Amino acid sequence: MVSDRIFGAVVAVVALAYIASANQIQTSFLADPVGPKMFPMMIGAGAFIAGIFVILRPDGDPDWPVLSTIGALLIAVVVLVAYAYALKPFGFILPTAMASAILSYQIFPKIGQAVLVGAGLSIGLFMLFKFALGLGLVAFPSALFG
Amino acid sequence: MDLLSNLATGFGIALSPYTLMLAVFGCFIGTIIGALPGLGPSNGVAILIPLTFSLGLDATSALVLMTAVYYGAMYGGRISSILLNIPGDEPALMTTLDGYPMAKAGRAGDALIISGFASFTGAFLSTVGLMLLAPLLARIAFQFGPAEYFALYILAFATLGGIASNNQAKAAIASCIGLGIAMIGVDNNSGMPRLTFGNMHLFDGIDFLVAIVGLFAITEVFSFIESHGKNTSIGIKLDKLKVPWRDIWNTRWVQLRGSLVGFIAGILPGAGASLGSFLAYMSEKSIAGEKGGFGTGVAKGVAAPEAGNNAAAGGALVPMLTLGVPGSGTTAVLLALLMTLNITPGPTLFTDRPEVVWGLIASLLIANFVLLAMNVPMVKVFVRVLSVPAWVLLPGVTMISFVGIYSLSGSYFDLLLMVAFGVLGWVLRKLDVPTVPIILGILLGGHMEDSLRRAMVLSDGDWTYLFSSKIAIGLWAVAIAGFVAPLFLRKFLKKPQAVSD
């Protein structure tokens with residue numbers, strides 16, 4: 001109930017913001033009868049109406065995970081975001097090993113296993129992508145190996 | 001005999017050693033993907049698209065490879081359903097209802113082989129159906145103008161929201177999210193940037209592959225972390241393997257009926273394989289009646305949903321190829337593949353690039369026989385795959401997704417977007433909001449707006465033009481019925497829940 005009401009409200013607000021920003025779209029002199037604003041505003045209106053519906057007729061609440069699980073999920077998100085930033089400057093092998101070890105640890109908490117998974121996946125996938133599929137990956141940061 | 005000469009062209013392409021190799025390879029990879037718990041046809045195909053694209057295969061080869069993966073994953077899905085009681089994705093859910101009880105009763109091998117044959121029947125018959133029906137539909141589709149296309153897109157979203165989800169409002173929200181995302185970027189007509197908020201990364205719009213991989217693959221990773229791999233129950237051992245000819249023969253009518261029901265469900269835009277397996281199972285259950293023992297582990301209960309599921313997979317290709325409107329999450333992913341390869345699906349595909357269409361159809365026929373051969377005698381090989389633990393599989397899936405998206409553009413921004421889509425997908429999944437309409441929205445948003453604007457140019461801004469032809473009115477009527485009718489039918493058609501231990 002509460003979750004759906006909040007979700008519906010968020011959708012409705014975002015939809016209004018979307019309509020407002022669609023209204024800011026510059027039209028050019030090459031205008032067709034509909035123009036570039038109309039369709040985005042229709043989408044926003046549709047989402048707004050549907051959001052109000054969800055507020056009025058909410059479903060039952062889902063089973064939200066306990067706080068520690070939410071913490072684990074947040075750590076996973078942080079790891080993935082850091083991985084996204086690290087992939088280019090630090091090469092493939094090191095960030096991949098660390099990210100996959102942490103993810104593996106989160107699914108099944110055993111450190112030794114997780115380290116093995118990290119090492120195995122990073123080297124195995126690097127071989128696969130570089131030599132079997134011929135993708136242009138860089139193994140290590142260029143600063144280390146010139 | 002147009003059909004025969006077309007088929008000859010198709011087989012000429014498909015039987016070349018290289019294409020044949022790709023098809024066999026695709027079937028193998030696909031079956032493994034389907035069998036891996038947590039990976040199904042849609043997310044499996046999704047994470048492979050960027051890689052296929054980077055490999056630089058030509059359009060026909062890439063298409064053959066990926067549809068072989070698609071069919072293979074449809075076959076493979078039954079393995080984890082039967083042995084682990086974990087459906088690889090939604091359509092495989094119905095197979096768990098009788099497959100898992102059969103496996104518990106020591107008939108796991110029988111269940112796997114019966115379902116393998118039923119999958120073959122469904123997939124084979126629906127490929128034949130596709131071959132016969134698609135050219136006819138393509139001919140009708142030539143009469144479609146922008147008004148009709150706009151109505152057709154509305155129809156796809158309406159049926160997807162109405163039939164394939166639990167709550168219409170939530171499905172509508174999902175469609176709007178997808179369409180809204182599709183609007184971001186430079187407007188094709190006026191050349192003006194829209195909704196980019198001055199961010200240079202957004203000028204080209206958001207790549208649908210980023211959204212698909214995020215929503216399907218990364219979301220799955222978050223769900224696994226949430227459950228701490230608890231869903232990876234210990235599987236049932238498979239010892240002896242004998243072909244139960246008698247059961248296969250006894251379920252022949254079930255397989256045929258299931259294929260027909262599945263094929264029709266697959267053709268409906270937005271309905272797809274889940275509906276196919278569901279209807280096939282439910283209709284056989286009511287034909288068999290109380291004495292049929294559905295739900296306790298009977299051969300018919302395994303044959304019906306698998307025939308329906310695989311027939312729907314073929315049926316869903318009909319609207320996808322002829323009209324460019326996918327019928328399910330997986331065909332939406334295949335549409336994404338076509339668009340990546342710069343192939344525009346639609347009636348012109350059949351006249352302009354017959355080698356793509358008929359090469360594809362011929363490879364599907366071949367892939368079916370390959371899959372039957374792989375899935376009946378070699379099923380034990382794939383059963384091994386089930387023992388890959390989640391703590392290896394999920395990090396692996398994540399890394400493959402990252403590399404795939406990274407190899408497309410080499411930009412960290414796409415990777416961040418992908419993670420964001422993963423988080424969004426997880427929240428929406430919790431709230432029971434379907435994510436397939438989002439994908440469909442992102443894929444079709446541009447075309448939908450385009451058809452609306454072209455229709456308005458033709459009519460000089462007269463909105464009644466949208467309802468001016470018989471085809472358009474018919475499509476609008478079906479769209480409204482498809483969205484509204486399930487409200488009343490939901491009382492009678494309730495999805496059976498998964499069996500628990």
# chains A, B, ... in the order shown; residues from 1 in each chain; ligands from 1
>>> residues_around(residues="stretch 35-52 of chain A", least_positions_apart="6", cutoff="8 Å", atoms="only C-alpha atoms", output="ChimeraX atom specification")
/A:7-13,15-16,18-19,22-23,25,27 /B:169-170,172-173,176-177,179-180,183,187,189-190,449,453
>>> write_last_selection(atoms="N, CA and C atoms", output="compact mmCIF listing (two decimals), in the first residue's frame")
# COMPACT_ATOMS: atom_id res chain seq x y z
N PHE A 7 5.42 5.27 -4.76
CA PHE A 7 5.84 5.08 -6.15
C PHE A 7 4.96 5.90 -7.09
N GLY A 8 3.64 5.84 -6.87
CA GLY A 8 2.72 6.59 -7.72
C GLY A 8 2.98 8.08 -7.64
N ALA A 9 3.25 8.56 -6.42
CA ALA A 9 3.50 9.99 -6.24
C ALA A 9 4.79 10.39 -6.95
N VAL A 10 5.83 9.55 -6.81
CA VAL A 10 7.09 9.86 -7.49
C VAL A 10 6.87 9.91 -9.00
N VAL A 11 6.13 8.92 -9.52
CA VAL A 11 5.87 8.90 -10.96
C VAL A 11 5.14 10.17 -11.38
N ALA A 12 4.12 10.57 -10.59
CA ALA A 12 3.33 11.74 -10.96
C ALA A 12 4.20 13.00 -10.98
N VAL A 13 5.04 13.15 -9.95
CA VAL A 13 5.91 14.34 -9.88
C VAL A 13 6.91 14.34 -11.04
N ALA A 15 6.59 12.91 -13.83
CA ALA A 15 5.85 13.13 -15.08
C ALA A 15 5.61 14.63 -15.28
N LEU A 16 5.25 15.33 -14.19
CA LEU A 16 5.04 16.78 -14.32
C LEU A 16 6.34 17.49 -14.70
N TYR A 18 8.74 16.18 -16.29
CA TYR A 18 9.03 15.80 -17.68
C TYR A 18 8.23 16.69 -18.63
N ILE A 19 6.94 16.90 -18.30
CA ILE A 19 6.11 17.75 -19.16
C ILE A 19 6.69 19.16 -19.19
N ALA A 22 9.71 19.18 -21.29
CA ALA A 22 9.34 19.02 -22.70
C ALA A 22 8.82 20.34 -23.27
N ASN A 23 8.18 21.11 -22.40
CA ASN A 23 7.64 22.39 -22.83
C ASN A 23 8.75 23.39 -23.18
N ILE A 25 11.40 22.57 -24.87
CA ILE A 25 12.09 22.18 -26.09
C ILE A 25 11.93 23.28 -27.14
N THR A 27 11.46 24.83 -30.61
CA THR A 27 10.93 24.42 -31.89
C THR A 27 11.71 25.17 -32.97
N ALA B 169 -2.12 -0.07 -14.74
CA ALA B 169 -1.54 1.25 -14.51
C ALA B 169 -0.03 1.16 -14.45
N LYS B 170 0.46 0.09 -13.79
CA LYS B 170 1.91 -0.06 -13.67
C LYS B 170 2.54 -0.36 -15.02
N ALA B 172 1.36 0.68 -17.81
CA ALA B 172 1.32 1.95 -18.55
C ALA B 172 2.47 2.85 -18.12
N ILE B 173 2.75 2.86 -16.82
CA ILE B 173 3.88 3.65 -16.33
C ILE B 173 5.18 3.17 -16.98
N CYS B 176 5.47 4.32 -20.46
CA CYS B 176 5.79 5.74 -20.53
C CYS B 176 7.25 5.99 -20.18
N ILE B 177 7.79 5.23 -19.21
CA ILE B 177 9.22 5.40 -18.89
C ILE B 177 10.05 5.12 -20.14
N LEU B 179 9.10 5.09 -23.38
CA LEU B 179 8.88 6.09 -24.43
C LEU B 179 9.57 7.40 -24.07
N GLY B 180 9.48 7.76 -22.78
CA GLY B 180 10.10 9.00 -22.33
C GLY B 180 11.60 8.98 -22.54
N MET B 183 12.72 9.61 -26.11
CA MET B 183 12.65 10.98 -26.62
C MET B 183 13.97 11.74 -26.44
N ASP B 187 16.24 15.59 -31.92
CA ASP B 187 15.01 15.29 -32.64
C ASP B 187 15.30 15.18 -34.13
N ASN B 189 13.34 15.34 -36.72
CA ASN B 189 12.65 16.26 -37.63
C ASN B 189 13.21 17.66 -37.60
N SER B 190 13.39 18.20 -36.38
CA SER B 190 13.78 19.59 -36.28
C SER B 190 15.28 19.76 -36.04
N GLU B 449 6.63 8.03 -32.52
CA GLU B 449 6.49 9.47 -32.68
C GLU B 449 6.54 9.84 -34.17
N ARG B 453 3.79 11.86 -36.31
CA ARG B 453 4.07 13.15 -36.95
C ARG B 453 3.88 13.09 -38.45
>>> select_by_dssp(residues="stretch 107-198 of chain B", states="strand (DSSP E)", output="ChimeraX atom specification")
/B:185-186,193-194
>>> write_last_selection(atoms="C-alpha atoms", output="CSV table (one decimal), in the first residue's frame")
chain,number,residue,atom,x,y,z
B,185,GLY,CA,18.5,13.1,-27.8
B,186,VAL,CA,18.4,15.1,-31.0
B,193,PRO,CA,18.2,18.5,-28.8
B,194,ARG,CA,15.5,17.3,-26.5
>>> closest_residue(among="A:Asp59, A:Met98, A:Leu74, A:Ser104", to="chain B", atoms="only C-alpha atoms")
A:Ser104
>>> residues_around(residues="A:Val117", least_positions_apart="6", cutoff="12 Å", atoms="only C-alpha atoms", output="JSON list (two decimals) with N, CA and C atoms, in the first residue's frame")
[["chain", "number", "residue", "atom", "x", "y", "z"],
["A", 96, "THR", "N", 38.59, -5.77, -12.68],
["A", 96, "THR", "CA", 37.68, -6.90, -12.84],
["A", 96, "THR", "C", 37.85, -7.90, -11.71],
["A", 97, "ALA", "N", 39.11, -8.18, -11.36],
["A", 97, "ALA", "CA", 39.36, -9.13, -10.28],
["A", 97, "ALA", "C", 38.75, -8.63, -8.99],
["A", 98, "MET", "N", 38.95, -7.35, -8.70],
["A", 98, "MET", "CA", 38.43, -6.83, -7.43],
["A", 98, "MET", "C", 36.90, -6.80, -7.43],
["A", 99, "ALA", "N", 36.32, -6.29, -8.52],
["A", 99, "ALA", "CA", 34.86, -6.17, -8.55],
["A", 99, "ALA", "C", 34.21, -7.55, -8.47],
["A", 100, "SER", "N", 34.73, -8.53, -9.23],
["A", 100, "SER", "CA", 34.04, -9.82, -9.22],
["A", 100, "SER", "C", 34.27, -10.54, -7.89],
["A", 101, "ALA", "N", 35.43, -10.32, -7.25],
["A", 101, "ALA", "CA", 35.63, -10.93, -5.94],
["A", 101, "ALA", "C", 34.64, -10.39, -4.92],
["A", 102, "ILE", "N", 34.43, -9.07, -4.96],
["A", 102, "ILE", "CA", 33.50, -8.48, -3.99],
["A", 102, "ILE", "C", 32.08, -8.98, -4.24],
["A", 103, "LEU", "N", 31.67, -9.01, -5.52],
["A", 103, "LEU", "CA", 30.31, -9.50, -5.83],
["A", 103, "LEU", "C", 30.16, -10.95, -5.39],
["A", 104, "SER", "N", 31.17, -11.75, -5.67],
["A", 104, "SER", "CA", 31.10, -13.16, -5.32],
["A", 104, "SER", "C", 30.98, -13.32, -3.81],
["A", 105, "TYR", "N", 31.75, -12.50, -3.07],
["A", 105, "TYR", "CA", 31.71, -12.56, -1.61],
["A", 105, "TYR", "C", 30.32, -12.19, -1.10],
["A", 107, "ILE", "N", 27.48, -12.73, -2.57],
["A", 107, "ILE", "CA", 26.50, -13.79, -2.80],
["A", 107, "ILE", "C", 26.78, -14.97, -1.87],
["A", 108, "PHE", "N", 28.04, -15.28, -1.67],
["A", 108, "PHE", "CA", 28.40, -16.40, -0.80],
["A", 108, "PHE", "C", 29.64, -16.01, -0.01],
["A", 110, "LYS", "N", 32.63, -16.24, 1.52],
["A", 110, "LYS", "CA", 33.83, -17.00, 1.88],
["A", 110, "LYS", "C", 34.99, -16.34, 1.17],
["A", 111, "ILE", "N", 35.96, -15.82, 1.92],
["A", 111, "ILE", "CA", 36.98, -14.97, 1.32],
["A", 111, "ILE", "C", 37.85, -15.71, 0.31],
["A", 123, "ILE", "N", 41.17, -13.20, -15.37],
["A", 123, "ILE", "CA", 42.13, -13.71, -16.34],
["A", 123, "ILE", "C", 41.41, -14.51, -17.44],
["A", 124, "GLY", "N", 40.46, -15.35, -17.02],
["A", 124, "GLY", "CA", 39.73, -16.16, -17.99],
["A", 124, "GLY", "C", 38.98, -15.29, -19.00],
["A", 125, "LEU", "N", 38.25, -14.32, -18.50],
["A", 125, "LEU", "CA", 37.47, -13.47, -19.40],
["A", 125, "LEU", "C", 38.39, -12.64, -20.28],
["B", 388, "VAL", "N", 27.10, -25.02, -11.81],
["B", 388, "VAL", "CA", 27.87, -23.78, -11.69],
["B", 388, "VAL", "C", 27.24, -22.94, -10.58],
["B", 389, "PRO", "N", 28.00, -22.64, -9.54],
["B", 389, "PRO", "CA", 27.38, -21.93, -8.41],
["B", 389, "PRO", "C", 27.13, -20.46, -8.72],
["B", 390, "ALA", "N", 26.15, -19.90, -8.03],
["B", 390, "ALA", "CA", 25.76, -18.51, -8.30],
["B", 390, "ALA", "C", 26.90, -17.55, -8.04],
["B", 391, "TRP", "N", 27.79, -17.89, -7.08],
["B", 391, "TRP", "CA", 28.85, -16.93, -6.75],
["B", 391, "TRP", "C", 29.95, -16.90, -7.81],
["B", 392, "VAL", "N", 29.90, -17.80, -8.78],
["B", 392, "VAL", "CA", 30.79, -17.67, -9.94],
["B", 392, "VAL", "C", 29.99, -17.07, -11.11],
["B", 393, "LEU", "N", 28.78, -17.57, -11.25],
["B", 393, "LEU", "CA", 27.96, -17.20, -12.41],
["B", 393, "LEU", "C", 27.64, -15.71, -12.43],
["B", 394, "LEU", "N", 27.16, -15.19, -11.30],
["B", 394, "LEU", "CA", 26.67, -13.81, -11.31],
["B", 394, "LEU", "C", 27.77, -12.78, -11.51],
["B", 395, "PRO", "N", 28.91, -12.91, -10.80],
["B", 395, "PRO", "CA", 30.01, -11.99, -11.15],
["B", 395, "PRO", "C", 30.40, -12.12, -12.62],
["B", 396, "GLY", "N", 30.40, -13.35, -13.13],
["B", 396, "GLY", "CA", 30.76, -13.55, -14.54],
["B", 396, "GLY", "C", 29.80, -12.82, -15.46],
["B", 399, "MET", "N", 30.49, -9.09, -15.37],
["B", 399, "MET", "CA", 31.69, -8.67, -16.08],
["B", 399, "MET", "C", 31.47, -8.75, -17.60]]
>>> residues_around(residues="A:Leu73", least_positions_apart="5", cutoff="9 Å", atoms="only C-alpha atoms", output="ChimeraX atom specification")
/A:68,78,106 /B:222,225-226
>>> write_last_selection(atoms="N, CA and C atoms", output="mmCIF file, in the first residue's frame")
data_model
loop_
_atom_site.group_PDB
_atom_site.id
_atom_site.type_symbol
_atom_site.label_atom_id
_atom_site.label_comp_id
_atom_site.auth_asym_id
_atom_site.auth_seq_id
_atom_site.Cartn_x
_atom_site.Cartn_y
_atom_site.Cartn_z
ATOM 1 N N SER A 68 20.330 -4.836 6.502
ATOM 2 C CA SER A 68 21.675 -5.301 6.156
ATOM 3 C C SER A 68 21.744 -5.684 4.675
ATOM 4 N N VAL A 78 27.887 0.631 -5.389
ATOM 5 C CA VAL A 78 29.113 1.431 -5.313
ATOM 6 C C VAL A 78 30.253 0.725 -6.055
ATOM 7 N N GLN A 106 29.680 -11.257 -1.806
ATOM 8 C CA GLN A 106 28.357 -10.836 -1.346
ATOM 9 C C GLN A 106 27.305 -11.914 -1.532
ATOM 10 N N PHE B 222 21.460 -7.985 -8.841
ATOM 11 C CA PHE B 222 20.981 -7.405 -7.582
ATOM 12 C C PHE B 222 19.991 -8.350 -6.894
ATOM 13 N N ILE B 225 21.940 -10.986 -5.121
ATOM 14 C CA ILE B 225 22.578 -10.523 -3.891
ATOM 15 C C ILE B 225 21.528 -10.407 -2.791
ATOM 16 N N GLU B 226 20.340 -9.939 -3.186
ATOM 17 C CA GLU B 226 19.260 -9.802 -2.212
ATOM 18 C C GLU B 226 18.911 -11.150 -1.585
#
